[in-house]
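Notes follow once the structure below has been shown.
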Amino acid sequence: MRSAFGKMKTAFLLAVTALILAGCGKENLTALVPKGVGAQKSMDLIILTTAVMTLVFLIVIILFVVVLVRYRRKKGQEDYIPEQVEGNKTLEIVWTVIPIILVLVMAVPTVVYTFELADDSKAKDHINIDVKGNQYWWHFDYKGEKIQTSQDLYIPTGEKVYVHLLSNDVTHSFWIPSISGKLDVNPENENTMYIEANEEGVYWGKCAEFCGPSHSLMDFKVVAVSPDKYKQWVKDMQNFDPKKFKPDTQVAQEGQKLFEEKSCIACHAIGPSPVATGPNLTDFGNREKYAGILEPTKENLVKWIVDPEKEKPGNKMTGKYPKVTEEEAGKIAEYLMQLKPSSVTPETVSK
Ligand code: CUA
């Protein structure tokens with residue numbers, strides 16, 4: 001019985017996974033192939049509830065067919081009225097109690113898991129990251145580490161990382177399908193949960209709450225690396241001094257100047273900053289994607305700098321700086337692409 005159920009479960013999972021992967025074609029963006037503690041718990045609940053609902057469905061269908069066949073009107077019995085049964089206490093109790101038990105079977109583990117994932121009483125013993133949701137990007141501030149990044153969130157594998165979620169504008173929702181469940185990111189109150197990746201990988205994060213015209217483009221990446229690599233990354237990020245950084249080509253050096261002249265620096269910080277209003281660009285050259293969605297090529301970056309509105313409608317960068325020509329954007333792009341403070345990057349992750 002158990003092995004038959006196991007086979008059914010595997011077949012079901014494979015079918016659904018294939019369907020979903022075929023639909024979006026995105027690796028590491030599915031709750032059905034869990035790579036983290038929270039996602040595994042979600043998967044367990046998905047299996048449990050699907051099993052309970054399938055059982056109920058089968059019983060109802062079988063009863064329905066049996067009654068349909070056995071009690072259908074037969075020839076020569078057109079006027080026959082069978083015995084009328086109503087108010088049967090035993091039956092009433094049976095079909096009231098069974099659903100209550102089934103609901104409890106699904107509700108109790110769901111509530112237990114939900115509270116367990118949101119329990120932050122031991123947060124101080126672990127890594128804590130302030131996550132800020134913005135239309136349409138994510139900011140990560142590593143508490144007490146003097147490290148800030150945007151869009152790419154580095155975490156060590158096998159360790160609890162507490163994310164403290166708050167929004168700078170409207171309500172967003174923080175979701176890394178392969179690693180954990182989702183949680184609202186509100187402007188008025190902080191929500192906390194922990195995420196824990198089981199193995200190295202670059203995992204897709206999404207905003208899961210409609211938040212404006214570019215909601216579906218509010219992507220980010222979680223770069224889960226071994227604890228050793230993570231330590232290296234933290235060290236590299238802390239040792240990086242943006243004031244001393246000098247790009248190694250003439251073009252990129254001109255880009256560095258333009259970055260100030262075109263007032264990019266008014267919103268974007270390189271190195272940690274308490275006041276910057278735009279995405280932090282400290283490790284921009286290592287980003288897995290540009291602006292969260294574009295393949296990391298110079299061509300794409302130039303397109304983005306010249307006309308961000310075209311790539312991400314409704315974003316807050318549009319119109320915030322003087323016009324930049326394609327040539328100037330190319331220089332700024334050269335500069336930004338050289339910002340690689342750490343040797344630990346999405347490419348060094350073992351997949
Ligand atoms: Cu932020 Cu949808």
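So you can find residues: chains in the structure tokens are A, B, ... in the order shown, residues in each start at 1, and ligands are numbered from 1 in order.
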Problem set entry | 9 Å shell around ligand 1 using only C-alpha atoms and all ligand atoms, listed as a list in words | Gly133, Asn134, Gln135, Tyr136, Trp137, Trp138, Val170, Thr171, His172, Ser173, Phe174, Val185, Lys206, Cys207, Ala208, Glu209, Phe210, Cys211, Gly212, Pro213, Ser214, His215, Ser216, Leu217, Met218 and Asp219 of chain A
Restricting the output to C-alpha atoms, write the selected residues as a PDB file, in the first residue's frame.
ATOM      1  CA  GLY A 133      10.587  46.239  -0.465  1.00  0.00           C
ATOM      2  CA  ASN A 134      10.483  49.070  -3.011  1.00  0.00           C
ATOM      3  CA  GLN A 135       8.636  49.582  -6.282  1.00  0.00           C
ATOM      4  CA  TYR A 136      10.208  47.433  -7.932  1.00  0.00           C
ATOM      5  CA  TRP A 137      13.367  46.228  -6.255  1.00  0.00           C
ATOM      6  CA  TRP A 138      14.692  44.773  -2.997  1.00  0.00           C
ATOM      7  CA  VAL A 170       3.110  49.822  -0.871  1.00  0.00           C
ATOM      8  CA  THR A 171       2.560  46.238   0.275  1.00  0.00           C
ATOM      9  CA  HIS A 172       4.781  43.658  -1.423  1.00  0.00           C
ATOM     10  CA  SER A 173       5.245  39.971  -0.659  1.00  0.00           C
ATOM     11  CA  PHE A 174       8.591  38.247  -0.174  1.00  0.00           C
ATOM     12  CA  VAL A 185       6.062  43.124   3.235  1.00  0.00           C
ATOM     13  CA  LYS A 206       9.565  37.055  -6.546  1.00  0.00           C
ATOM     14  CA  CYS A 207       7.239  39.727  -5.274  1.00  0.00           C
ATOM     15  CA  ALA A 208       3.979  37.875  -4.724  1.00  0.00           C
ATOM     16  CA  GLU A 209       1.628  40.792  -4.088  1.00  0.00           C
ATOM     17  CA  PHE A 210       0.361  43.035  -6.872  1.00  0.00           C
ATOM     18  CA  CYS A 211       2.145  46.334  -6.289  1.00  0.00           C
ATOM     19  CA  GLY A 212       1.992  48.323  -9.542  1.00  0.00           C
ATOM     20  CA  PRO A 213       2.665  48.125 -13.278  1.00  0.00           C
ATOM     21  CA  SER A 214       6.046  46.390 -12.872  1.00  0.00           C
ATOM     22  CA  HIS A 215       4.969  43.988 -10.117  1.00  0.00           C
ATOM     23  CA  SER A 216       5.809  40.948 -12.239  1.00  0.00           C
ATOM     24  CA  LEU A 217       9.325  42.344 -12.821  1.00  0.00           C
ATOM     25  CA  MET A 218      10.126  42.708  -9.112  1.00  0.00           C
ATOM     26  CA  ASP A 219      12.527  39.760  -9.107  1.00  0.00           C
TER      27      ASP A 219
END
For this session: Within 8 Å of Ile127 of chain A, counting only C-alpha atoms, which residues show up once you throw out same-chain ones fewer than 5 positions away? Write them as a PyMOL selection string, please.
Result: chain A and resi 142-143+160-162
Selected residues written out, N, CA, C and O atoms, as a compact mmCIF listing (two decimals), in the first residue's frame:
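Writing done, so here's selection20.txt:
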# COMPACT_ATOMS: atom_id res chain seq x y z
N TYR A 142 22.53 43.84 6.01
CA TYR A 142 22.98 42.80 6.94
C TYR A 142 23.24 43.45 8.30
O TYR A 142 24.22 44.19 8.46
N LYS A 143 22.37 43.16 9.25
CA LYS A 143 22.42 43.85 10.55
C LYS A 143 23.76 43.64 11.24
O LYS A 143 24.22 42.51 11.40
N LYS A 160 20.07 29.19 9.69
CA LYS A 160 18.86 30.01 9.72
C LYS A 160 19.24 31.47 9.48
O LYS A 160 20.16 32.00 10.12
N VAL A 161 18.54 32.11 8.56
CA VAL A 161 18.75 33.53 8.30
C VAL A 161 17.41 34.22 8.51
O VAL A 161 16.42 33.89 7.84
N TYR A 162 17.36 35.15 9.47
CA TYR A 162 16.10 35.83 9.76
C TYR A 162 15.97 37.07 8.89
O TYR A 162 16.86 37.94 8.89
Exercise. So which bits of segment 116-343 of chain A end up helix (DSSP H, G or I) when you DSSP the backbone, as a VMD selection string?
Worked result: chain A and resid 116 to 118 123 to 125 215 to 217 227 to 239 250 to 261 264 to 266 284 to 286 298 to 306 308 to 311 326 to 337
Exercise. Nearest to Ala252 of chain A: which of A:Ala329, A:Ile176, A:Val37, A:Val324 is it, counting only C-alpha atoms?
Worked result: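 Looking only at the distances to Ala252 of chain A, the closest residue turns out to be A:Ala329.
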Problem set entry | Among listed residues A:Leu68, A:Ile332, A:Ala197, A:Ile101, nearest Glu261 of chain A (using only C-alpha atoms) |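 For Glu261 of chain A, the nearest of the given residues is A:Ile332.
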Exercise. When distances are computed from only C-alpha atoms, which of A:Ala39, A:Ile59, A:Val163, A:Ile129 shows the smallest separation from Ile147 of chain A?
Worked result: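 Checking each candidate against Ile147 of chain A, we get A:Ile129 as the closest.
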